[in-house]
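**Student:** Provided herewith: structure.csv, CSV, C-alpha atoms and all ligand atoms.
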chain,number,residue,atom,x,y,z
A,1,MET,CA,-20.1,-93.0,59.4
A,2,LEU,CA,-20.7,-90.1,61.7
A,3,GLN,CA,-17.1,-88.9,61.1
A,4,HIS,CA,-17.7,-88.9,57.3
A,5,PHE,CA,-20.9,-86.9,57.8
A,6,THR,CA,-19.1,-84.3,60.1
A,7,ASP,CA,-16.2,-84.0,57.5
A,8,ALA,CA,-18.6,-83.4,54.7
A,9,LEU,CA,-20.4,-80.8,56.7
A,10,GLU,CA,-17.1,-79.0,57.5
A,11,ARG,CA,-16.1,-79.1,53.8
A,12,LEU,CA,-19.5,-77.7,52.9
A,13,ASP,CA,-19.1,-75.0,55.5
A,14,ARG,CA,-15.7,-74.0,54.2
A,15,ALA,CA,-16.9,-73.9,50.6
A,16,ALA,CA,-19.8,-71.7,51.7
A,17,LEU,CA,-17.4,-69.4,53.5
A,18,ARG,CA,-15.1,-69.1,50.4
A,19,PHE,CA,-18.1,-68.5,48.2
A,20,GLU,CA,-19.2,-65.7,50.5
A,21,GLU,CA,-15.8,-64.1,50.7
A,22,ARG,CA,-15.2,-64.3,46.9
A,23,TYR,CA,-18.6,-63.4,45.5
A,24,VAL,CA,-21.1,-62.2,48.1
A,25,GLU,CA,-18.9,-59.8,50.1
A,26,PRO,CA,-17.4,-57.9,47.1
A,27,VAL,CA,-20.9,-57.4,45.7
A,28,PHE,CA,-22.1,-56.3,49.1
A,29,GLN,CA,-19.2,-53.8,49.3
A,30,ARG,CA,-20.0,-52.5,45.8
A,31,ILE,CA,-23.6,-52.0,46.8
A,32,VAL,CA,-22.5,-50.1,50.0
A,33,ARG,CA,-20.1,-47.9,48.0
A,34,PHE,CA,-22.8,-47.3,45.4
A,35,ALA,CA,-25.3,-46.3,48.1
A,36,GLU,CA,-22.8,-43.9,49.7
A,37,LYS,CA,-22.6,-41.9,46.4
A,38,SER,CA,-24.6,-38.8,45.8
A,39,SER,CA,-27.7,-39.2,43.7
A,40,ALA,CA,-26.0,-37.4,40.7
A,41,GLU,CA,-23.0,-39.7,41.0
A,42,ARG,CA,-25.3,-42.7,41.2
A,43,SER,CA,-27.2,-41.8,38.0
A,44,ARG,CA,-23.9,-41.1,36.2
A,45,ALA,CA,-22.5,-44.5,37.3
A,46,ILE,CA,-25.7,-46.2,36.0
A,47,ARG,CA,-25.6,-44.4,32.7
A,48,GLN,CA,-21.9,-45.3,32.2
A,49,ARG,CA,-22.7,-49.0,33.0
A,50,ILE,CA,-25.5,-48.9,30.4
A,51,GLN,CA,-23.2,-47.3,27.9
A,52,HIS,CA,-20.6,-50.0,28.4
A,53,ILE,CA,-23.1,-52.8,28.0
A,54,SER,CA,-24.6,-51.2,24.9
A,55,ALA,CA,-21.1,-50.8,23.4
A,56,TRP,CA,-20.3,-54.4,24.1
A,57,LEU,CA,-23.7,-55.5,22.5
A,58,TYR,CA,-23.0,-53.3,19.5
A,59,TYR,CA,-19.6,-54.8,19.1
A,60,ARG,CA,-21.0,-58.4,19.3
A,61,LEU,CA,-23.8,-57.6,16.9
A,62,ARG,CA,-21.7,-55.5,14.4
A,63,TRP,CA,-21.8,-58.2,11.7
A,64,PHE,CA,-25.6,-58.1,11.8
A,65,ILE,CA,-25.9,-54.4,12.1
A,66,ASN,CA,-23.6,-53.6,9.2
A,67,ARG,CA,-25.1,-56.1,6.6
A,68,SER,CA,-26.1,-54.3,3.5
A,69,TRP,CA,-29.7,-55.4,4.0
A,70,SER,CA,-29.8,-54.1,7.5
A,71,PRO,CA,-31.9,-51.0,8.2
A,72,TYR,CA,-29.1,-49.6,10.3
A,73,VAL,CA,-26.6,-49.6,7.5
A,74,LYS,CA,-28.1,-46.3,6.2
A,75,ILE,CA,-27.3,-44.7,9.6
A,76,TYR,CA,-23.9,-46.2,9.9
A,77,LYS,CA,-22.6,-45.9,6.4
A,78,PRO,CA,-22.9,-42.8,4.2
A,79,GLN,CA,-24.8,-43.4,1.0
A,80,ASN,CA,-22.0,-42.9,-1.5
A,81,ALA,CA,-20.1,-45.7,0.2
A,82,TRP,CA,-22.7,-48.3,0.6
A,83,ALA,CA,-25.0,-47.6,-2.3
A,84,PHE,CA,-22.8,-46.0,-5.0
A,85,ASP,CA,-19.6,-47.7,-4.1
A,86,ASN,CA,-17.5,-44.7,-4.9
A,87,PHE,CA,-15.6,-44.4,-1.6
A,88,ARG,CA,-13.9,-47.7,-1.0
A,89,GLU,CA,-11.3,-46.3,1.5
A,90,LEU,CA,-14.1,-45.6,3.9
A,91,GLU,CA,-14.3,-49.3,4.8
A,92,GLU,CA,-10.6,-49.3,5.7
A,93,TYR,CA,-11.1,-46.2,7.9
A,94,ARG,CA,-14.1,-47.9,9.6
A,95,GLN,CA,-12.0,-50.9,10.4
A,96,PHE,CA,-9.3,-49.1,12.3
A,97,TRP,CA,-11.8,-46.7,13.9
A,98,ILE,CA,-13.4,-49.6,15.7
A,99,ALA,CA,-10.1,-51.5,16.3
A,100,GLY,CA,-9.8,-52.5,19.9
A,101,GLY,CA,-13.5,-52.0,20.5
A,102,GLU,CA,-13.1,-48.8,22.6
A,103,ALA,CA,-16.5,-47.6,23.6
A,104,ASN,CA,-16.1,-44.0,22.5
A,105,ASN,CA,-15.2,-44.6,18.9
A,106,LEU,CA,-17.3,-47.8,18.5
A,107,PHE,CA,-20.5,-45.9,19.2
A,108,ASP,CA,-19.7,-42.9,17.2
A,109,MET,CA,-19.7,-43.7,13.5
A,110,ALA,CA,-21.2,-40.3,12.8
A,111,ARG,CA,-18.1,-38.7,14.2
A,112,LEU,CA,-15.9,-40.8,11.9
A,113,TYR,CA,-17.9,-39.9,8.8
A,114,ALA,CA,-18.0,-36.2,9.7
A,115,LEU,CA,-14.2,-36.2,10.2
A,116,VAL,CA,-13.6,-38.0,6.9
A,117,TYR,CA,-15.9,-35.8,4.8
A,118,ASN,CA,-14.5,-32.6,6.2
A,119,ILE,CA,-10.9,-33.7,5.7
A,120,ARG,CA,-11.8,-34.6,2.1
A,121,GLN,CA,-13.3,-31.1,1.7
A,122,LEU,CA,-10.2,-29.5,3.1
A,123,LEU,CA,-8.0,-31.4,0.7
A,124,LYS,CA,-10.2,-30.5,-2.2
A,125,ASP,CA,-10.0,-26.9,-1.2
A,126,ASN,CA,-6.2,-27.2,-1.1
A,127,ILE,CA,-6.0,-25.5,2.3
A,128,PRO,CA,-2.2,-25.3,3.0
A,129,GLY,CA,-0.7,-26.5,6.2
A,130,HIS,CA,-0.1,-29.5,8.4
A,131,PHE,CA,-2.4,-31.5,10.7
A,132,ALA,CA,-2.3,-31.5,14.5
A,133,GLU,CA,-4.1,-33.3,17.3
A,134,LEU,CA,-4.1,-32.5,21.0
A,135,GLY,CA,-5.5,-35.5,22.8
A,136,VAL,CA,-4.4,-38.8,21.2
A,137,TYR,CA,-5.1,-41.4,23.8
A,138,GLN,CA,-4.7,-44.8,22.0
A,139,GLY,CA,-4.5,-43.1,18.6
A,140,HIS,CA,-7.8,-43.9,16.9
A,141,SER,CA,-8.5,-40.4,15.5
A,142,ALA,CA,-4.8,-39.9,15.0
A,143,LYS,CA,-4.7,-42.9,12.8
A,144,LEU,CA,-7.4,-41.4,10.6
A,145,LEU,CA,-5.6,-38.1,10.4
A,146,SER,CA,-2.4,-39.9,9.6
A,147,THR,CA,-3.9,-42.0,6.9
A,148,MET,CA,-5.6,-39.0,5.2
A,149,LYS,CA,-2.8,-36.4,5.5
A,150,GLY,CA,-1.0,-37.2,2.3
A,151,ASP,CA,2.3,-35.3,2.1
A,152,ARG,CA,1.5,-33.1,5.1
A,153,ARG,CA,2.9,-33.6,8.6
A,154,LEU,CA,0.9,-34.7,11.6
A,155,TYR,CA,1.8,-33.3,15.0
A,156,LEU,CA,0.5,-35.4,17.9
A,157,PHE,CA,0.4,-33.8,21.3
A,158,ASP,CA,-0.4,-35.9,24.4
A,159,THR,CA,1.1,-36.9,27.8
A,160,PHE,CA,0.6,-40.4,26.4
A,161,ASP,CA,-0.1,-41.2,30.1
A,162,GLY,CA,-3.6,-39.7,30.6
A,163,PHE,CA,-4.7,-36.8,32.8
A,164,ARG,CA,-2.5,-35.6,35.7
A,165,PRO,CA,-4.1,-35.1,39.1
A,166,ASP,CA,-3.7,-31.3,39.0
A,167,ASP,CA,-5.5,-31.1,35.6
A,168,LEU,CA,-8.8,-31.6,37.4
A,169,VAL,CA,-9.5,-28.1,38.6
A,170,GLY,CA,-12.1,-25.4,38.1
A,171,VAL,CA,-14.9,-26.5,35.7
A,172,ASP,CA,-13.2,-29.9,35.5
A,173,ALA,CA,-12.8,-30.4,39.3
A,174,LYS,CA,-15.4,-33.2,39.4
A,175,GLN,CA,-14.0,-35.3,36.5
A,176,ASN,CA,-12.2,-38.6,37.1
A,177,MET,CA,-8.7,-39.4,36.2
A,178,GLY,CA,-8.6,-41.2,32.8
A,179,PHE,CA,-6.8,-42.4,29.7
A,180,LYS,CA,-4.0,-44.0,31.6
A,181,ASN,CA,-4.2,-47.2,29.5
A,182,THR,CA,-1.9,-46.1,26.7
A,183,SER,CA,1.7,-45.2,25.9
A,184,LEU,CA,3.8,-43.5,23.3
A,185,GLY,CA,5.1,-46.9,22.0
A,186,ARG,CA,1.6,-48.3,21.7
A,187,VAL,CA,0.4,-45.3,19.7
A,188,ARG,CA,3.4,-45.3,17.5
A,189,ASN,CA,2.9,-48.9,16.7
A,190,PHE,CA,-0.8,-48.2,15.7
A,191,VAL,CA,-0.5,-44.9,14.0
A,192,GLY,CA,3.0,-45.2,12.4
A,193,ALA,CA,5.9,-42.8,12.1
A,194,GLU,CA,5.8,-41.5,8.5
A,195,ARG,CA,5.6,-37.7,8.7
A,196,VAL,CA,4.1,-38.1,12.2
A,197,ILE,CA,5.8,-36.0,14.8
A,198,TYR,CA,5.1,-37.1,18.4
A,199,VAL,CA,5.1,-34.3,21.0
A,200,PRO,CA,4.9,-36.1,24.3
A,201,GLY,CA,4.3,-34.0,27.5
A,202,TRP,CA,1.8,-31.7,29.1
A,203,PHE,CA,0.4,-29.2,26.7
A,204,PRO,CA,1.2,-26.3,26.3
A,205,GLN,CA,4.5,-26.8,28.0
A,206,SER,CA,5.3,-29.5,25.5
A,207,VAL,CA,5.2,-27.2,22.5
A,208,THR,CA,8.4,-27.4,20.4
A,209,ALA,CA,10.0,-24.7,18.3
A,210,GLU,CA,9.2,-26.7,15.2
A,211,ALA,CA,5.5,-26.9,16.1
A,212,SER,CA,5.5,-23.1,16.8
A,213,GLU,CA,6.8,-22.4,13.3
A,214,ALA,CA,4.4,-24.6,11.5
A,215,THR,CA,1.2,-23.6,9.8
A,216,TYR,CA,-1.9,-25.8,10.1
A,217,ALA,CA,-4.7,-26.8,7.9
A,218,LEU,CA,-6.5,-28.9,10.5
A,219,VAL,CA,-6.3,-29.0,14.3
A,220,HIS,CA,-8.2,-31.6,16.2
A,221,ILE,CA,-8.6,-30.7,19.8
A,222,ASP,CA,-9.8,-33.7,21.9
A,223,CYS,CA,-8.3,-33.2,25.3
A,224,ASP,CA,-11.6,-33.0,27.3
A,225,LEU,CA,-10.5,-30.3,29.7
A,226,HIS,CA,-10.9,-26.6,29.7
A,227,ALA,CA,-7.3,-25.3,30.4
A,228,PRO,CA,-5.5,-27.3,27.6
A,229,ALA,CA,-8.4,-26.6,25.2
A,230,LYS,CA,-8.2,-22.9,25.8
A,231,ALA,CA,-4.4,-23.0,25.5
A,232,ALA,CA,-4.7,-25.0,22.3
A,233,LEU,CA,-7.0,-22.3,20.8
A,234,GLU,CA,-4.6,-19.6,21.8
A,235,PHE,CA,-1.6,-21.5,20.3
A,236,PHE,CA,-3.2,-22.9,17.1
A,237,TYR,CA,-5.7,-20.3,16.0
A,238,PRO,CA,-3.1,-17.8,14.7
A,239,ARG,CA,-1.2,-20.6,13.0
A,240,VAL,CA,-4.3,-22.0,11.1
A,241,SER,CA,-4.5,-21.2,7.5
A,242,ALA,CA,-7.4,-19.3,6.1
A,243,GLY,CA,-10.2,-21.8,5.4
A,244,GLY,CA,-8.5,-24.3,7.8
A,245,TYR,CA,-10.4,-26.3,10.4
A,246,ILE,CA,-10.3,-26.3,14.2
A,247,ILE,CA,-12.3,-29.3,15.3
A,248,LEU,CA,-13.3,-29.5,19.0
A,249,HIS,CA,-14.5,-32.8,20.2
A,250,ASP,CA,-17.0,-32.8,23.1
A,251,TYR,CA,-18.1,-29.2,22.4
A,252,GLY,CA,-21.8,-30.2,22.9
A,253,SER,CA,-21.5,-33.3,25.0
A,254,GLY,CA,-22.4,-31.6,28.3
A,255,TYR,CA,-20.2,-34.1,29.9
A,256,TRP,CA,-17.0,-32.0,29.4
A,257,PRO,CA,-18.3,-28.4,29.9
A,258,GLY,CA,-14.8,-26.9,29.7
A,259,ILE,CA,-14.7,-27.2,25.9
A,260,GLU,CA,-17.8,-25.1,25.2
A,261,LYS,CA,-16.5,-22.6,27.9
A,262,ALA,CA,-13.1,-22.4,26.2
A,263,VAL,CA,-14.7,-21.8,22.8
A,264,GLN,CA,-17.1,-19.1,24.1
A,265,GLU,CA,-14.2,-17.3,25.9
A,266,PHE,CA,-11.7,-17.5,23.0
A,267,PHE,CA,-14.1,-16.6,20.2
A,268,SER,CA,-15.9,-13.8,22.0
A,269,ASP,CA,-13.9,-11.2,20.0
A,270,LYS,CA,-13.7,-13.1,16.7
A,271,SER,CA,-16.0,-13.5,13.8
A,272,GLU,CA,-16.1,-17.3,13.6
A,273,ARG,CA,-18.7,-19.4,15.5
A,274,PRO,CA,-18.8,-23.2,15.9
A,275,ILE,CA,-21.0,-25.4,13.8
A,276,ILE,CA,-22.1,-28.5,15.6
A,277,TRP,CA,-22.0,-32.0,14.2
A,278,PRO,CA,-24.7,-34.6,15.1
A,279,ASP,CA,-22.2,-37.1,16.5
A,280,ALA,CA,-22.3,-38.5,20.0
A,281,ALA,CA,-20.4,-35.6,21.6
A,282,GLY,CA,-21.7,-32.7,19.5
A,283,THR,CA,-18.3,-31.9,18.1
A,284,GLY,CA,-17.9,-28.2,17.3
A,285,VAL,CA,-16.1,-27.1,14.2
A,286,ILE,CA,-14.7,-23.7,13.4
A,287,ARG,CA,-13.6,-23.0,9.9
A,288,LYS,CA,-11.2,-20.1,9.9
A,289,ALA,CA,-12.5,-17.2,7.9
A,290,ALA,CA,-11.1,-17.2,4.4
A,291,ARG,CA,-8.9,-14.4,2.9
A,292,GLN,CA,-6.9,-13.9,6.0
A,293,ASP,CA,-3.1,-13.8,5.9
A,294,VAL,CA,-1.8,-16.4,8.4
A,295,HIS,CA,1.5,-14.6,9.0
A,296,SER,CA,0.0,-11.2,9.6
A,297,THR,CA,-2.4,-12.9,12.1
A,298,VAL,CA,0.6,-14.4,14.0
A,299,ALA,CA,2.3,-11.0,14.0
A,300,ARG,CA,-0.9,-9.3,15.4
A,301,GLN,CA,-1.2,-12.0,18.1
A,302,GLN,CA,2.5,-11.6,19.1
A,303,LYS,CA,2.2,-7.8,19.3
A,304,LYS,CA,-0.6,-8.2,21.9
A,401,LIG,C1,-10.5,-38.3,24.9
A,401,LIG,S1,-8.8,-38.7,24.9
A,401,LIG,C2,-8.4,-38.5,23.2
A,401,LIG,C3,-9.1,-39.5,22.3
A,401,LIG,C4,-8.6,-39.6,20.9
A,401,LIG,N1,-8.6,-38.3,20.2
A,401,LIG,C5,-9.5,-40.5,20.1
A,401,LIG,O1,-10.5,-40.1,19.5
A,401,LIG,O2,-9.2,-41.7,19.9
A,401,LIG,C6,-8.1,-37.3,25.7
A,401,LIG,C7,-6.6,-37.2,25.8
A,401,LIG,O3,-6.2,-35.9,26.1
A,401,LIG,C8,-5.0,-36.0,26.8
A,401,LIG,N2,-4.7,-34.7,27.5
A,401,LIG,C9,-5.6,-34.0,28.3
A,401,LIG,N3,-5.0,-32.9,28.8
A,401,LIG,C10,-3.7,-32.8,28.3
A,401,LIG,C11,-2.6,-31.9,28.4
A,401,LIG,N4,-2.7,-30.8,29.1
A,401,LIG,N5,-1.5,-32.2,27.7
A,401,LIG,C12,-1.4,-33.3,27.0
A,401,LIG,N6,-2.4,-34.2,26.8
A,401,LIG,C13,-3.6,-34.0,27.5
A,401,LIG,C14,-5.1,-37.2,27.7
A,401,LIG,O4,-3.9,-37.7,28.0
A,401,LIG,C15,-6.0,-38.2,26.8
A,401,LIG,O5,-5.1,-39.1,26.2
Please lay out the structure from this file as structure tokens.
**Tutor:**
Amino acid sequence: MLQHFTDALERLDRAALRFEERYVEPVFQRIVRFAEKSSAERSRAIRQRIQHISAWLYYRLRWFINRSWSPYVKIYKPQNAWAFDNFRELEEYRQFWIAGGEANNLFDMARLYALVYNIRQLLKDNIPGHFAELGVYQGHSAKLLSTMKGDRRLYLFDTFDGFRPDDLVGVDAKQNMGFKNTSLGRVRNFVGAERVIYVPGWFPQSVTAEASEATYALVHIDCDLHAPAKAALEFFYPRVSAGGYIILHDYGSGYWPGIEKAVQEFFSDKSERPIIWPDAAGTGVIRKAARQDVHSTVARQQKK
């Protein structure tokens, strides 16, 4: 009897030990690591956690939020789509924009709509040239560009392996490594290959002769960091057609200060200025001044 009682106590003791090792200790270690952070890092970690929980909640509640009777629908769907039903493709775009439930795109329907409406405007204006994107990650914005590009080509520049350690310098020194959970194969499967030219590698070293000779109607710069954003402005600006768009994600986010810095530096001697979208990251858009000859601009840049 006493033996049974001692065995039971031992089993209980071992279970308590396992519970402590598995659940209590990791939590304790996380609390210690959290306490060791600076107060700025702590508040950033809390904000990120809240963002992830909100993204998860939004994803779970999306069927409720996007019902036609829901008050949110006005915010999340432009009027001509939900009220006048004259833009059916938008629903298709919405579906792949939120595919996979990634937090950045799931939150940001305003960004999707702004991209869609501006690309439509560019097409209506018959701005000549191809589309390009620097910063593809898992391909959500690339998929939109690819779907809307028509007969044009889409050039996609990325490492397809996230940031590299030596990218995090200068104004970006305090950022974290990111965007590793992707690959060229994964993006190709999602975005497709029809008139899509994948340019893997570190930009601007990755630039090909074909990409250098092309003219662009739309360039989407979404690389987060100052150096590649500045290099992209230097490379693409002279190759963008008159009336073409240069779209800079994160311009006004405050989280990636290198983008605003790159724009301020590059456009200091030019007439265009960014117009800011009311999306989550304050995307900045520059529409290249009309009545400019692309080739003479390239020639001028090359003379410098
Ligand atoms: C924010 S993600 C792009 C998100 C994507 N446009 C979307 O909306 O779904 C940033 C991407 O920029 C890429 N990137 C940053 N610096 C780069 C560089 N110098 N060369 C190539 N890719 C770079 C990263 O690999 C990462 O995939």
**Student:** Work out how far CA of Phe160 in chain A is from CA of Arg186 in chain A, in Å to one decimal.
**Tutor:**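 Going from CA of Arg186 in chain A over to CA of Phe160 in chain A covers 9.2 Å.
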**Student:** Show me which residues are within 9 Å of ligand LIG 401 (chain A) counting all atoms listed in the file, and format the list as an mmCIF file with C-alpha atoms, in the coordinates of the input.
**Tutor:**
data_model
loop_
_atom_site.group_PDB
_atom_site.id
_atom_site.type_symbol
_atom_site.label_atom_id
_atom_site.label_comp_id
_atom_site.auth_asym_id
_atom_site.auth_seq_id
_atom_site.Cartn_x
_atom_site.Cartn_y
_atom_site.Cartn_z
ATOM 1 C CA TRP A 97 -11.800 -46.700 13.900
ATOM 2 C CA GLU A 102 -13.100 -48.800 22.600
ATOM 3 C CA ASN A 104 -16.100 -44.000 22.500
ATOM 4 C CA ASN A 105 -15.200 -44.600 18.900
ATOM 5 C CA GLU A 133 -4.100 -33.300 17.300
ATOM 6 C CA LEU A 134 -4.100 -32.500 21.000
ATOM 7 C CA GLY A 135 -5.500 -35.500 22.800
ATOM 8 C CA VAL A 136 -4.400 -38.800 21.200
ATOM 9 C CA TYR A 137 -5.100 -41.400 23.800
ATOM 10 C CA GLN A 138 -4.700 -44.800 22.000
ATOM 11 C CA GLY A 139 -4.500 -43.100 18.600
ATOM 12 C CA HIS A 140 -7.800 -43.900 16.900
ATOM 13 C CA SER A 141 -8.500 -40.400 15.500
ATOM 14 C CA ALA A 142 -4.800 -39.900 15.000
ATOM 15 C CA LYS A 143 -4.700 -42.900 12.800
ATOM 16 C CA PHE A 157 0.400 -33.800 21.300
ATOM 17 C CA ASP A 158 -0.400 -35.900 24.400
ATOM 18 C CA THR A 159 1.100 -36.900 27.800
ATOM 19 C CA PHE A 160 0.600 -40.400 26.400
ATOM 20 C CA ASP A 161 -0.100 -41.200 30.100
ATOM 21 C CA GLY A 162 -3.600 -39.700 30.600
ATOM 22 C CA PHE A 163 -4.700 -36.800 32.800
ATOM 23 C CA ARG A 164 -2.500 -35.600 35.700
ATOM 24 C CA ASP A 167 -5.500 -31.100 35.600
ATOM 25 C CA GLY A 178 -8.600 -41.200 32.800
ATOM 26 C CA PHE A 179 -6.800 -42.400 29.700
ATOM 27 C CA LYS A 180 -4.000 -44.000 31.600
ATOM 28 C CA ASN A 181 -4.200 -47.200 29.500
ATOM 29 C CA THR A 182 -1.900 -46.100 26.700
ATOM 30 C CA VAL A 199 5.100 -34.300 21.000
ATOM 31 C CA PRO A 200 4.900 -36.100 24.300
ATOM 32 C CA GLY A 201 4.300 -34.000 27.500
ATOM 33 C CA TRP A 202 1.800 -31.700 29.100
ATOM 34 C CA PHE A 203 0.400 -29.200 26.700
ATOM 35 C CA PRO A 204 1.200 -26.300 26.300
ATOM 36 C CA GLN A 205 4.500 -26.800 28.000
ATOM 37 C CA SER A 206 5.300 -29.500 25.500
ATOM 38 C CA HIS A 220 -8.200 -31.600 16.200
ATOM 39 C CA ILE A 221 -8.600 -30.700 19.800
ATOM 40 C CA ASP A 222 -9.800 -33.700 21.900
ATOM 41 C CA CYS A 223 -8.300 -33.200 25.300
ATOM 42 C CA ASP A 224 -11.600 -33.000 27.300
ATOM 43 C CA LEU A 225 -10.500 -30.300 29.700
ATOM 44 C CA HIS A 226 -10.900 -26.600 29.700
ATOM 45 C CA ALA A 227 -7.300 -25.300 30.400
ATOM 46 C CA PRO A 228 -5.500 -27.300 27.600
ATOM 47 C CA ALA A 229 -8.400 -26.600 25.200
ATOM 48 C CA ALA A 231 -4.400 -23.000 25.500
ATOM 49 C CA HIS A 249 -14.500 -32.800 20.200
ATOM 50 C CA ASP A 250 -17.000 -32.800 23.100
#
**Student:** What separation in Å, quoted to one decimal, exists between CA of Ile127 in chain A and CA of Tyr155 in chain A?
**Tutor:**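 That distance, rounded to one decimal, is 16.8 Å.
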**Student:** Here is a test: counting only C-alpha atoms, which residue of A:Leu112, A:Leu9, A:Trp277, A:Lys261 is nearest to Tyr93 in chain A?
**Tutor:**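 Selected residue with least distance to Tyr93 in chain A: A:Leu112.
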**Student:** Taking all atoms listed in the file into account, which of A:Ala289, A:Val240, A:Val187, A:Leu248 comes nearest Arg111 in chain A?
**Tutor:** A:Leu248
**Student:** CA of Tyr245 in chain A and CA of Ile286 in chain A are how many Å apart?
**Tutor:**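 Computing it gives 5.9 Å between the two atoms.
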**Student:** Taking the point (-10.5, -21.7, 11.3) as given in the file, collect each protein or nucleic acid residue that comes within 10 Å of it, counting all atoms listed in the file, and present the set as a CSV table (one decimal) with C-alpha atoms, in the coordinates of the input.
**Tutor:**
chain,number,residue,atom,x,y,z
A,216,TYR,CA,-1.9,-25.8,10.1
A,217,ALA,CA,-4.7,-26.8,7.9
A,218,LEU,CA,-6.5,-28.9,10.5
A,219,VAL,CA,-6.3,-29.0,14.3
A,236,PHE,CA,-3.2,-22.9,17.1
A,237,TYR,CA,-5.7,-20.3,16.0
A,238,PRO,CA,-3.1,-17.8,14.7
A,239,ARG,CA,-1.2,-20.6,13.0
A,240,VAL,CA,-4.3,-22.0,11.1
A,241,SER,CA,-4.5,-21.2,7.5
A,242,ALA,CA,-7.4,-19.3,6.1
A,243,GLY,CA,-10.2,-21.8,5.4
A,244,GLY,CA,-8.5,-24.3,7.8
A,245,TYR,CA,-10.4,-26.3,10.4
A,246,ILE,CA,-10.3,-26.3,14.2
A,247,ILE,CA,-12.3,-29.3,15.3
A,272,GLU,CA,-16.1,-17.3,13.6
A,273,ARG,CA,-18.7,-19.4,15.5
A,274,PRO,CA,-18.8,-23.2,15.9
A,285,VAL,CA,-16.1,-27.1,14.2
A,286,ILE,CA,-14.7,-23.7,13.4
A,287,ARG,CA,-13.6,-23.0,9.9
A,288,LYS,CA,-11.2,-20.1,9.9
A,289,ALA,CA,-12.5,-17.2,7.9
A,290,ALA,CA,-11.1,-17.2,4.4
**Student:** Within 7 Å of Gly282 in chain A, counting all atoms listed in the file, which residues qualify if same-chain residues fewer than 3 places away don't, as an mmCIF file with C-alpha atoms, keeping the file's coordinate frame?
**Tutor:**
data_model
loop_
_atom_site.group_PDB
_atom_site.id
_atom_site.type_symbol
_atom_site.label_atom_id
_atom_site.label_comp_id
_atom_site.auth_asym_id
_atom_site.auth_seq_id
_atom_site.Cartn_x
_atom_site.Cartn_y
_atom_site.Cartn_z
ATOM 1 C CA ASP A 250 -17.000 -32.800 23.100
ATOM 2 C CA TYR A 251 -18.100 -29.200 22.400
ATOM 3 C CA GLY A 252 -21.800 -30.200 22.900
ATOM 4 C CA SER A 253 -21.500 -33.300 25.000
ATOM 5 C CA ILE A 276 -22.100 -28.500 15.600
ATOM 6 C CA TRP A 277 -22.000 -32.000 14.200
ATOM 7 C CA PRO A 278 -24.700 -34.600 15.100
ATOM 8 C CA ASP A 279 -22.200 -37.100 16.500
#
**Student:** I need the residue nearest Glu92 in chain A from this list: A:Leu144, A:Thr208, A:Asp172, A:Leu115. Use all atoms listed in the file for the distance.
**Tutor:** A:Leu144
**Student:** Select, from A:Ala280, A:Ala232, A:Ile197, A:Ala132, the residue with the minimum atom-to-atom distance to Val263 in chain A, counting all atoms listed in the file.
**Tutor:**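 That would be A:Ala232, the residue with the smallest distance to Val263 in chain A.
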**Student:** Out of A:Val207, A:Val169, A:Leu17, A:Ala262, which residue has the shortest atom-to-atom distance to Lys230 in chain A when counting all atoms listed in the file?
**Tutor:**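 Checking each candidate against Lys230 in chain A, we get A:Ala262 as the closest.
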**Student:** What would range 259-268 of chain A look like with N, CA and C atoms restored, written as a short mmCIF file (atom, residue, chain, number, x, y, z; two decimals), in the coordinates of the input?
**Tutor:**
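Generated file (result.cif):
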data_model
loop_
_atom_site.label_atom_id
_atom_site.label_comp_id
_atom_site.auth_asym_id
_atom_site.auth_seq_id
_atom_site.Cartn_x
_atom_site.Cartn_y
_atom_site.Cartn_z
N ILE A 259 -15.02 -27.48 27.38
CA ILE A 259 -14.70 -27.20 25.90
C ILE A 259 -15.58 -26.09 25.42
N GLU A 260 -16.88 -26.15 25.69
CA GLU A 260 -17.80 -25.10 25.20
C GLU A 260 -17.31 -23.74 25.87
N LYS A 261 -16.94 -23.81 27.14
CA LYS A 261 -16.50 -22.60 27.90
C LYS A 261 -15.24 -22.01 27.17
N ALA A 262 -14.30 -22.87 26.83
CA ALA A 262 -13.10 -22.40 26.20
C ALA A 262 -13.38 -21.73 24.85
N VAL A 263 -14.32 -22.34 24.10
CA VAL A 263 -14.70 -21.80 22.80
C VAL A 263 -15.37 -20.43 22.95
N GLN A 264 -16.33 -20.39 23.87
CA GLN A 264 -17.10 -19.10 24.10
C GLN A 264 -16.08 -18.02 24.49
N GLU A 265 -15.17 -18.34 25.39
CA GLU A 265 -14.20 -17.30 25.90
C GLU A 265 -13.30 -16.88 24.72
N PHE A 266 -12.74 -17.86 24.02
CA PHE A 266 -11.70 -17.50 23.00
C PHE A 266 -12.32 -16.78 21.81
N PHE A 267 -13.51 -17.19 21.38
CA PHE A 267 -14.10 -16.60 20.20
C PHE A 267 -14.97 -15.40 20.42
N SER A 268 -15.01 -14.94 21.68
CA SER A 268 -15.90 -13.80 22.00
C SER A 268 -15.56 -12.58 21.17
#
